[in-house]
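Q: Pasting entry-v6.txt below, which is compact mmCIF, C-alpha atoms.
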```txt
# COMPACT_ATOMS: atom_id res chain seq x y z
CA MET M 1014 -35.23 -10.30 24.17
CA THR M 1015 -33.89 -10.70 27.71
CA VAL M 1016 -30.36 -10.23 26.48
CA THR M 1017 -31.36 -7.02 24.65
CA ASN M 1018 -33.15 -5.76 27.73
CA ASP M 1019 -30.11 -6.46 29.90
CA ILE M 1020 -27.92 -4.48 27.54
CA ASN M 1021 -30.46 -1.68 27.24
CA LYS M 1022 -30.37 -1.25 31.02
CA LEU M 1023 -26.68 -0.35 30.71
CA ARG M 1024 -27.30 2.46 28.21
CA ARG M 1025 -25.93 5.71 29.67
CA PRO M 1026 -25.10 8.13 26.85
CA GLU M 1027 -24.51 10.87 29.41
CA VAL M 1028 -21.23 9.24 30.55
CA PHE M 1029 -19.61 10.87 27.52
CA LYS M 1030 -18.76 14.53 28.18
CA VAL M 1031 -17.42 17.34 26.05
CA PRO M 1032 -15.28 20.33 27.10
CA GLU M 1033 -17.31 23.28 28.31
CA GLY M 1034 -18.51 25.47 25.47
CA TYR M 1035 -17.32 22.94 22.87
CA PHE M 1036 -20.43 23.18 20.70
CA ASP M 1037 -20.57 26.99 21.09
CA THR M 1038 -17.20 27.45 19.41
CA LEU M 1039 -17.40 24.45 17.05
CA CYS M 1040 -18.84 26.38 14.11
CA GLN M 1041 -16.22 29.13 14.36
CA ARG M 1042 -13.37 26.59 14.58
CA THR M 1043 -14.78 24.62 11.69
CA MET M 1044 -14.94 27.71 9.46
CA GLN M 1045 -11.38 28.63 10.47
CA ASN M 1046 -10.20 25.14 9.54
CA ILE M 1047 -11.99 25.35 6.22
CA ASP M 1048 -10.41 28.76 5.49
CA LYS M 1049 -7.02 27.35 6.46
CA GLY M 1050 -7.59 24.33 4.22
CA GLU M 1051 -8.61 26.60 1.34
CA VAL M 1052 -5.63 28.90 1.87
CA GLU M 1053 -3.28 25.92 1.82
CA VAL M 1054 -4.76 24.68 -1.44
CA ILE M 1055 -4.59 28.16 -3.06
CA ALA M 1056 -1.08 28.78 -1.73
CA ALA M 1057 0.06 25.45 -3.10
CA LYS M 1058 -1.37 26.37 -6.52
CA ASP M 1059 0.20 29.89 -6.53
CA THR M 1060 3.66 28.81 -5.52
CA LYS M 1061 3.65 25.86 -7.83
CA HIS M 1062 5.51 27.68 -10.61
CA SER M 1063 7.75 29.84 -8.48
CA THR M 1064 9.56 27.28 -6.36
CA LEU M 1065 13.12 26.32 -7.20
CA LEU M 1066 12.02 22.75 -7.68
CA SER M 1067 9.32 23.70 -10.15
CA ILE M 1068 11.80 25.85 -12.16
CA ARG M 1069 14.32 23.03 -12.26
CA LYS M 1070 11.72 20.40 -13.07
CA PRO M 1071 11.78 20.89 -16.89
CA LEU M 1072 15.61 20.93 -16.79
CA TYR M 1073 15.57 17.63 -14.93
CA GLY M 1074 13.47 16.23 -17.75
CA LEU M 1075 15.85 17.44 -20.45
CA VAL M 1076 18.89 16.19 -18.56
CA SER M 1077 17.21 12.82 -18.12
CA VAL M 1078 16.48 12.57 -21.86
CA ALA M 1079 20.07 13.58 -22.72
CA ALA M 1080 21.43 11.01 -20.27
CA CYS M 1081 19.26 8.31 -21.81
CA VAL M 1082 20.44 9.20 -25.32
CA ALA M 1083 24.08 9.15 -24.15
CA VAL M 1084 23.63 5.76 -22.50
CA ILE M 1085 21.98 4.33 -25.63
CA PHE M 1086 24.76 5.80 -27.82
CA MET M 1087 27.45 4.29 -25.59
CA ALA M 1088 25.68 0.95 -25.50
CA VAL M 1089 25.41 0.90 -29.30
CA ASN M 1090 29.10 1.81 -29.61
CA ILE M 1091 30.16 -0.92 -27.21
CA LEU M 1092 28.02 -3.48 -29.04
CA ASP M 1093 29.36 -2.28 -32.38
CA ASN M 1094 32.97 -2.57 -31.16
CA ASN M 1095 32.29 -6.07 -29.90
CA VAL M 1096 30.84 -7.05 -33.27
CA SER M 1097 33.84 -5.45 -35.07
CA ASN M 1098 36.24 -7.29 -32.80
CA ASP M 1099 34.40 -10.52 -33.48
CA ASN M 1100 34.57 -9.85 -37.21
CA THR M 1101 38.29 -9.04 -36.97
CA ALA M 1102 38.86 -12.28 -35.09
CA ILE M 1103 36.94 -14.21 -37.74
CA ALA M 1104 38.88 -12.39 -40.42
CA LYS M 1105 42.15 -13.22 -38.66
CA VAL M 1106 41.22 -16.91 -38.47
CA ASP M 1107 40.21 -16.95 -42.12
CA LYS M 1108 43.42 -15.19 -43.09
CA THR M 1109 45.51 -17.65 -41.10
CA GLU M 1110 43.71 -20.56 -42.71
CA ILE M 1111 44.18 -19.02 -46.13
CA MET M 1112 47.81 -18.35 -45.41
CA SER M 1113 48.24 -21.93 -44.20
CA GLU M 1114 46.60 -23.16 -47.37
CA SER M 1115 48.77 -20.82 -49.32
CA ASN M 1116 51.83 -22.11 -47.51
CA ALA M 1117 50.68 -25.67 -48.18
CA ARG M 1118 50.32 -24.91 -51.79
CA THR M 1119 53.80 -23.45 -51.82
CA TYR M 1120 55.17 -26.62 -50.20
CA GLU M 1121 53.48 -28.83 -52.83
CA GLU M 1122 54.75 -26.59 -55.55
CA ASP M 1123 58.14 -26.83 -53.97
CA VAL M 1124 57.86 -30.61 -54.01
CA LEU M 1125 56.68 -30.45 -57.60
CA ASP M 1126 59.48 -28.16 -58.39
CA TYR M 1127 61.81 -30.87 -57.01
CA SER M 1128 63.18 -28.51 -54.55
CA LEU M 1129 62.68 -31.13 -51.84
CA VAL M 1130 63.59 -34.06 -54.07
CA GLY M 1131 67.04 -34.66 -55.36
CA VAL M 1132 67.62 -34.53 -59.11
CA GLN M 1133 69.12 -38.03 -58.98
CA ASP M 1134 65.88 -39.32 -57.44
CA VAL M 1135 63.92 -37.96 -60.38
CA TYR M 1136 66.26 -39.54 -62.89
CA ASP M 1137 66.05 -42.90 -61.08
CA TYR M 1138 62.26 -42.70 -61.09
CA LEU M 1139 62.15 -41.88 -64.79
CA GLU M 1140 64.61 -44.65 -65.71
CA GLU M 1141 62.68 -47.20 -63.74
CA ASP M 1142 59.39 -46.09 -65.35
CA TYR M 1143 60.96 -46.24 -68.83
CA ALA M 1144 62.37 -49.78 -68.23
CA ASN M 1145 58.87 -51.01 -67.24
CA MET F 136 -36.27 13.30 -1.71
CA TYR F 137 -35.94 16.16 0.81
CA ASN F 138 -38.25 18.81 2.24
CA ASN F 139 -38.39 22.47 1.20
CA ASP F 140 -36.12 23.76 3.97
CA GLU F 141 -33.45 21.20 3.13
CA SER F 142 -33.84 21.82 -0.58
CA GLU F 143 -33.44 25.57 -0.02
CA LEU F 144 -30.35 25.01 2.18
CA ILE F 145 -28.76 22.79 -0.49
CA ALA F 146 -29.45 25.42 -3.15
CA ARG F 147 -27.71 28.07 -1.01
CA LEU F 148 -24.80 25.69 -0.30
CA GLN F 149 -24.30 25.18 -4.02
CA ASP F 150 -24.36 28.90 -4.80
CA GLU F 151 -20.93 30.43 -4.23
CA LYS F 152 -22.40 33.74 -3.04
CA THR F 153 -24.46 32.20 -0.25
CA ARG F 154 -22.32 29.16 0.36
CA ARG F 155 -20.44 30.30 3.44
CA ALA F 156 -23.48 31.49 5.40
CA ALA F 157 -25.40 28.36 4.44
CA PHE F 158 -22.50 26.18 5.53
CA GLU F 159 -22.39 27.85 8.95
CA GLU F 160 -26.09 27.07 9.21
CA LEU F 161 -25.42 23.44 8.29
CA VAL F 162 -22.65 23.14 10.90
CA ASN F 163 -24.90 24.62 13.59
CA GLN F 164 -27.78 22.36 12.60
CA TYR F 165 -25.98 19.03 12.30
CA SER F 166 -22.75 19.21 14.32
CA ARG F 167 -24.19 17.79 17.55
CA LYS F 168 -25.79 14.76 15.90
CA LEU F 169 -22.70 14.08 13.83
CA TYR F 170 -20.39 14.56 16.80
CA TRP F 171 -22.28 12.04 18.94
CA GLN F 172 -22.43 9.53 16.13
CA ILE F 173 -18.65 9.78 15.77
CA ARG F 174 -17.99 9.94 19.52
CA HIS F 175 -19.90 6.75 20.32
CA LEU F 176 -17.87 4.94 17.71
CA VAL F 177 -14.44 6.54 18.24
CA VAL F 178 -14.91 7.07 22.04
CA ASP F 179 -12.09 9.62 22.62
CA HIS F 180 -13.19 13.28 22.46
CA ASP F 181 -10.08 14.68 20.73
CA ASP F 182 -10.17 11.94 18.11
CA SER F 183 -13.89 12.58 17.59
CA ASP F 184 -13.24 16.29 17.12
CA ASP F 185 -10.54 15.57 14.51
CA VAL F 186 -12.84 13.21 12.63
CA LEU F 187 -15.69 15.74 12.77
CA GLN F 188 -13.47 18.49 11.36
CA ASN F 189 -12.45 16.16 8.52
CA VAL F 190 -16.11 15.41 7.86
CA PHE F 191 -16.98 19.10 7.54
CA LEU F 192 -13.95 19.75 5.33
CA LYS F 193 -15.06 16.94 3.02
CA VAL F 194 -18.61 18.23 3.00
CA TRP F 195 -17.38 21.75 2.13
CA ASN F 196 -15.23 20.41 -0.71
CA SER F 197 -17.91 18.18 -2.19
CA ILE F 198 -21.19 20.00 -1.50
CA ALA F 199 -21.13 21.49 -5.01
CA THR F 200 -21.42 17.99 -6.46
CA PHE F 201 -24.15 16.78 -4.07
CA LYS F 202 -26.95 15.57 -6.36
CA GLY F 203 -29.66 15.03 -3.78
CA ASP F 204 -30.04 11.29 -4.35
CA SER F 205 -30.45 10.93 -0.60
CA GLN F 206 -31.44 13.23 2.25
CA LEU F 207 -28.79 15.75 3.25
CA PHE F 208 -28.59 14.33 6.75
CA THR F 209 -28.17 10.77 5.44
CA TRP F 210 -25.38 12.00 3.17
CA LEU F 211 -23.66 13.74 6.11
CA TYR F 212 -24.05 10.64 8.27
CA ARG F 213 -22.56 8.49 5.52
CA ILE F 214 -19.48 10.74 5.30
CA ALA F 215 -19.16 10.67 9.10
CA TYR F 216 -19.51 6.87 9.11
CA ASN F 217 -16.83 6.43 6.42
CA GLU F 218 -14.46 8.88 8.11
CA SER F 219 -14.91 7.13 11.47
CA ILE F 220 -14.23 3.68 9.99
CA THR F 221 -11.16 5.04 8.18
CA PHE F 222 -9.92 6.61 11.40
CA LEU F 223 -10.41 3.37 13.38
CA ASN F 224 -8.55 1.37 10.74
CA LYS F 225 -5.63 3.81 10.77
CA LYS F 226 -5.53 3.83 14.55
CA LYS F 227 -5.60 0.04 14.68
CA ALA F 228 -2.74 -0.14 12.22
CA GLN F 229 -0.66 2.17 14.42
CA LEU F 230 -1.27 0.29 17.68
CA SER F 231 0.10 -3.09 18.71
CA ILE F 232 -2.26 -5.87 19.89
CA ASP F 233 -1.27 -5.23 23.54
CA ASP F 234 -2.09 -1.54 23.17
CA ILE F 235 -5.54 -2.41 21.80
CA ASP F 236 -6.30 -4.85 24.63
CA ASP F 237 -5.08 -2.57 27.41
CA GLY F 238 -5.93 0.67 25.70
CA ILE F 239 -9.64 1.21 26.09
CA ALA F 240 -9.92 0.62 29.85
CA ASN F 241 -6.82 2.68 30.66
CA THR F 242 -7.85 5.44 28.28
CA LEU F 243 -11.34 5.72 29.72
CA GLU F 244 -10.14 5.67 33.33
CA SER F 245 -7.86 8.62 32.67
CA ASP F 246 -10.25 10.37 30.25
CA GLU F 247 -11.58 13.57 31.78
CA TYR F 248 -14.48 13.52 29.29
CA PHE F 249 -15.71 10.07 30.31
CA ASP F 250 -17.73 9.84 33.49
CA GLY F 251 -18.71 6.18 33.65
CA ASP F 252 -18.36 3.62 36.43
CA GLU F 253 -16.69 0.22 36.14
CA THR F 254 -19.74 -1.33 34.42
CA GLN F 255 -19.70 1.40 31.80
CA ILE F 256 -16.00 0.80 31.21
CA ILE F 257 -16.70 -2.93 30.78
CA LEU F 258 -19.51 -2.07 28.35
CA GLN F 259 -17.11 0.09 26.30
CA GLU F 260 -14.53 -2.71 26.39
CA ALA F 261 -17.18 -5.09 25.10
CA ILE F 262 -18.18 -2.71 22.29
CA ASN F 263 -14.50 -2.30 21.45
CA THR F 264 -14.16 -6.04 20.84
CA LEU F 265 -16.59 -5.85 17.91
CA PRO F 266 -15.32 -5.50 14.35
CA ASP F 267 -15.42 -1.83 13.24
CA LYS F 268 -18.49 -2.06 11.01
CA GLN F 269 -20.46 -4.11 13.51
CA ARG F 270 -19.49 -1.60 16.18
CA ALA F 271 -20.83 1.17 13.98
CA VAL F 272 -24.11 -0.71 13.49
CA PHE F 273 -24.38 -1.33 17.22
CA THR F 274 -23.68 2.28 18.28
CA MET F 275 -26.08 3.72 15.67
CA LYS F 276 -28.88 1.53 16.97
CA TYR F 277 -27.98 1.46 20.65
CA TYR F 278 -27.08 5.11 21.27
CA GLU F 279 -28.68 6.96 18.34
CA GLU F 280 -31.78 4.71 18.18
CA MET F 281 -31.66 4.98 14.43
CA LYS F 282 -34.11 3.12 12.18
CA TYR F 283 -32.74 0.17 10.25
CA GLU F 284 -33.85 1.78 6.97
CA GLU F 285 -31.75 4.88 7.70
CA MET F 286 -28.81 2.73 8.74
CA ALA F 287 -29.14 0.76 5.51
CA GLU F 288 -28.83 3.99 3.49
CA ILE F 289 -25.81 5.13 5.47
CA THR F 290 -23.89 1.87 5.46
CA GLY F 291 -25.05 0.56 2.09
CA THR F 292 -26.08 -2.73 3.72
CA SER F 293 -29.48 -4.48 3.64
CA VAL F 294 -31.92 -4.13 6.53
CA GLY F 295 -31.83 -7.89 7.12
CA ALA F 296 -28.05 -7.93 7.38
CA LEU F 297 -28.12 -4.97 9.79
CA LYS F 298 -30.69 -6.65 12.02
CA ALA F 299 -28.61 -9.83 12.13
CA SER F 300 -25.44 -7.84 12.78
CA TYR F 301 -27.05 -5.93 15.66
CA HIS F 302 -28.50 -9.09 17.17
CA ILE F 303 -25.11 -10.84 17.13
CA ALA F 304 -23.44 -7.72 18.54
CA VAL F 305 -25.89 -7.65 21.46
CA GLN F 306 -25.18 -11.32 22.22
CA LYS F 307 -21.42 -10.80 22.10
CA ILE F 308 -21.57 -7.74 24.34
CA SER F 309 -23.90 -9.42 26.80
CA ALA F 310 -21.64 -12.46 27.06
CA TYR F 311 -18.57 -10.23 27.55
CA VAL F 312 -20.23 -8.14 30.27
CA LYS F 313 -21.50 -11.23 32.13
CA ALA F 314 -18.09 -12.89 31.99
CA LYS F 315 -16.41 -9.75 33.37
CA GLU F 316 -18.94 -9.19 36.12
CA LEU F 317 -18.70 -12.73 37.45
```
Rewrite the coordinates I just gave you, this time as structure tokens.
A:
Amino acid sequence: MTVTNDINKLRRPEVFKVPEGYFDTLCQRTMQNIDKGEVEVIAAKDTKHSTLLSIRKPLYGLVSVAACVAVIFMAVNILDNNVSNDNTAIAKVDKTEIMSESNARTYEEDVLDYSLVGVQDVYDYLEEDYAN
Amino acid sequence: MYNNDESELIARLQDEKTRRAAFEELVNQYSRKLYWQIRHLVVDHDDSDDVLQNVFLKVWNSIATFKGDSQLFTWLYRIAYNESITFLNKKKAQLSIDDIDDGIANTLESDEYFDGDETQIILQEAINTLPDKQRAVFTMKYYEEMKYEEMAEITGTSVGALKASYHIAVQKISAYVKAKEL
């Protein structure tokens, strides 16, 4: 209680002053501020559709959509090309392998056709086989 | 919840035809009380005036939706309390710690609308050390001599918590003042 009493002794609300006539003009100033606030709100609503930005706003939207579509289209094309290139590469590898096999087969055929073996060799082989 | 005069004033405030005249009446009736509530918390006159103008602008914009769950004056006080706390938070965010420590004494010494001696400046320094909400509780009780029940409605805090908060605030301020005077 003593502490509260000590503090209460210091209470001097009158040390706070206001400018002369402050409360006399407060109501008028407040109403002016309110009118100003209202005018700003109304003005903002009225000019909303007439500003350059507001006219351009729908165009910005359309342009954005078009840009997105273009980007997606390009991305799909790039991906598609990559896939095609991959497929071509695979096809090339397959073709090479096939051609190699084909070449191999041709070599064997060539061997079978005695093109790489001398005729004398064949005769010798046949004579030897017949003798056995 | 409110008396006939208040009920009639609210009805006129909510009717667009009579709204403006009724609002002028409200400003004339409550501006002093609201100003002093804000001033004791915010301290600087110009800041207090700005906060008060914001309070009235908010009241004007939301009076149509006032449901009368509390007394008109309590509702006004609550808006003033919230606006003051918001203002103090913003101000604190803008100032550095050094500005806050040095600020209050320097501001009051050069403030033409503060007429206190050194003890009064120390008292304001002490109040300024309190957290914002505790400062609000202290100033409402100390300067406005408000009842705890009213304060509870304004701050949305229990009476017990407010009593404890005020008691601690008094101890803190007393200790600060004694330490400075020694």
Q: Near chain F, which residues of chain M fall within 9 Å when you count only C-alpha atoms, and what do they look like as a list in words?
A: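 Taken together, these residues fit the definition: Val1016, Thr1017, Asp1019, Ile1020, Asn1021, Leu1023, Arg1024, Arg1025, Pro1026, Glu1027, Val1028, Phe1029, Lys1030, Val1031, Pro1032, Phe1036, Asp1037, Leu1039, Cys1040, Gln1041, Arg1042, Thr1043, Met1044, Asn1046, Ile1047 and Gly1050 of chain M.
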Q: What is the atom CA of F:Arg154 to atom CA of M:Tyr1035 distance in Å?
A: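 Atom-to-atom, atom CA of F:Arg154 and atom CA of M:Tyr1035 are spaced 23.9 Å apart.
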Q: Could you tell me how far atom CA of F:Lys282 lies from atom CA of F:Lys298, in Å and to one decimal?
A: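 Interatomic distance, atom CA of F:Lys282 to atom CA of F:Lys298: 10.4 Å.
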Q: When you draw a straight line from atom CA of F:Gln229 to atom CA of F:Gln259, how long is it in Å?
A: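 Separation of atom CA of F:Gln229 and atom CA of F:Gln259: 20.4 Å.
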Q: Quick one: everything within 9 Å of F:Phe208, counting all atoms listed in the file, minus sequence neighbours fewer than 4 positions away in the same chain. Send it as a tab-separated table (two decimals) with C-alpha atoms, keeping the file's coordinate frame.
A:
```tsv
chain	number	residue	atom	x	y	z
F	165	TYR	CA	-25.98	19.03	12.30
F	212	TYR	CA	-24.05	10.64	8.27
F	213	ARG	CA	-22.56	8.49	5.52
```
Q: Around the point (-14.1, 0.0, 17.7) in the file's coordinates, collect all residues with an atom within 12 Å, using only C-alpha atoms, and return them as a short mmCIF file (atom, residue, chain, number, x, y, z; two decimals) with C-alpha atoms, in the coordinates of the input.
A:
```cif
data_model
loop_
_atom_site.label_atom_id
_atom_site.label_comp_id
_atom_site.auth_asym_id
_atom_site.auth_seq_id
_atom_site.Cartn_x
_atom_site.Cartn_y
_atom_site.Cartn_z
CA ILE F 173 -18.65 9.78 15.77
CA ARG F 174 -17.99 9.94 19.52
CA HIS F 175 -19.90 6.75 20.32
CA LEU F 176 -17.87 4.94 17.71
CA VAL F 177 -14.44 6.54 18.24
CA VAL F 178 -14.91 7.07 22.04
CA ASP F 179 -12.09 9.62 22.62
CA SER F 219 -14.91 7.13 11.47
CA ILE F 220 -14.23 3.68 9.99
CA THR F 221 -11.16 5.04 8.18
CA PHE F 222 -9.92 6.61 11.40
CA LEU F 223 -10.41 3.37 13.38
CA ASN F 224 -8.55 1.37 10.74
CA LYS F 225 -5.63 3.81 10.77
CA LYS F 226 -5.53 3.83 14.55
CA LYS F 227 -5.60 0.04 14.68
CA ILE F 235 -5.54 -2.41 21.80
CA ASP F 236 -6.30 -4.85 24.63
CA GLY F 238 -5.93 0.67 25.70
CA ILE F 239 -9.64 1.21 26.09
CA GLN F 259 -17.11 0.09 26.30
CA GLU F 260 -14.53 -2.71 26.39
CA ALA F 261 -17.18 -5.09 25.10
CA ILE F 262 -18.18 -2.71 22.29
CA ASN F 263 -14.50 -2.30 21.45
CA THR F 264 -14.16 -6.04 20.84
CA LEU F 265 -16.59 -5.85 17.91
CA PRO F 266 -15.32 -5.50 14.35
CA ASP F 267 -15.42 -1.83 13.24
CA LYS F 268 -18.49 -2.06 11.01
CA GLN F 269 -20.46 -4.11 13.51
CA ARG F 270 -19.49 -1.60 16.18
CA ALA F 271 -20.83 1.17 13.98
CA VAL F 272 -24.11 -0.71 13.49
CA PHE F 273 -24.38 -1.33 17.22
CA THR F 274 -23.68 2.28 18.28
#
```
Q: Could you pull stretch 254-265 of chain F out of the structure just shown and give N, CA and C atoms as a PDB file, in the first residue's frame?
A:
```pdb
ATOM      1  N   THR F 254      10.995  15.202 -11.625  1.00  0.00           N
ATOM      2  CA  THR F 254      10.334  14.008 -11.060  1.00  0.00           C
ATOM      3  C   THR F 254       9.273  13.475 -12.022  1.00  0.00           C
ATOM      4  N   GLN F 255       8.557  14.388 -12.632  1.00  0.00           N
ATOM      5  CA  GLN F 255       7.517  13.968 -13.589  1.00  0.00           C
ATOM      6  C   GLN F 255       8.141  13.315 -14.835  1.00  0.00           C
ATOM      7  N   ILE F 256       9.296  13.822 -15.218  1.00  0.00           N
ATOM      8  CA  ILE F 256      10.000  13.214 -16.363  1.00  0.00           C
ATOM      9  C   ILE F 256      10.469  11.807 -15.993  1.00  0.00           C
ATOM     10  N   ILE F 257      10.974  11.677 -14.759  1.00  0.00           N
ATOM     11  CA  ILE F 257      11.411  10.337 -14.293  1.00  0.00           C
ATOM     12  C   ILE F 257      10.206   9.390 -14.238  1.00  0.00           C
ATOM     13  N   LEU F 258       9.073   9.906 -13.773  1.00  0.00           N
ATOM     14  CA  LEU F 258       7.855   9.080 -13.720  1.00  0.00           C
ATOM     15  C   LEU F 258       7.479   8.591 -15.124  1.00  0.00           C
ATOM     16  N   GLN F 259       7.542   9.508 -16.102  1.00  0.00           N
ATOM     17  CA  GLN F 259       7.201   9.123 -17.487  1.00  0.00           C
ATOM     18  C   GLN F 259       8.227   8.117 -18.037  1.00  0.00           C
ATOM     19  N   GLU F 260       9.477   8.310 -17.664  1.00  0.00           N
ATOM     20  CA  GLU F 260      10.519   7.339 -18.067  1.00  0.00           C
ATOM     21  C   GLU F 260      10.181   5.958 -17.500  1.00  0.00           C
ATOM     22  N   ALA F 261       9.786   5.969 -16.230  1.00  0.00           N
ATOM     23  CA  ALA F 261       9.456   4.704 -15.563  1.00  0.00           C
ATOM     24  C   ALA F 261       8.259   4.025 -16.242  1.00  0.00           C
ATOM     25  N   ILE F 262       7.238   4.813 -16.556  1.00  0.00           N
ATOM     26  CA  ILE F 262       6.051   4.255 -17.234  1.00  0.00           C
ATOM     27  C   ILE F 262       6.447   3.703 -18.607  1.00  0.00           C
ATOM     28  N   ASN F 263       7.376   4.409 -19.240  1.00  0.00           N
ATOM     29  CA  ASN F 263       7.822   4.022 -20.583  1.00  0.00           C
ATOM     30  C   ASN F 263       8.594   2.695 -20.599  1.00  0.00           C
ATOM     31  N   THR F 264       9.100   2.303 -19.425  1.00  0.00           N
ATOM     32  CA  THR F 264       9.836   1.028 -19.377  1.00  0.00           C
ATOM     33  C   THR F 264       8.890  -0.184 -19.359  1.00  0.00           C
ATOM     34  N   LEU F 265       7.617   0.069 -19.081  1.00  0.00           N
ATOM     35  CA  LEU F 265       6.662  -1.042 -19.001  1.00  0.00           C
ATOM     36  C   LEU F 265       6.325  -1.566 -20.393  1.00  0.00           C
TER      37      LEU F 265
END
```
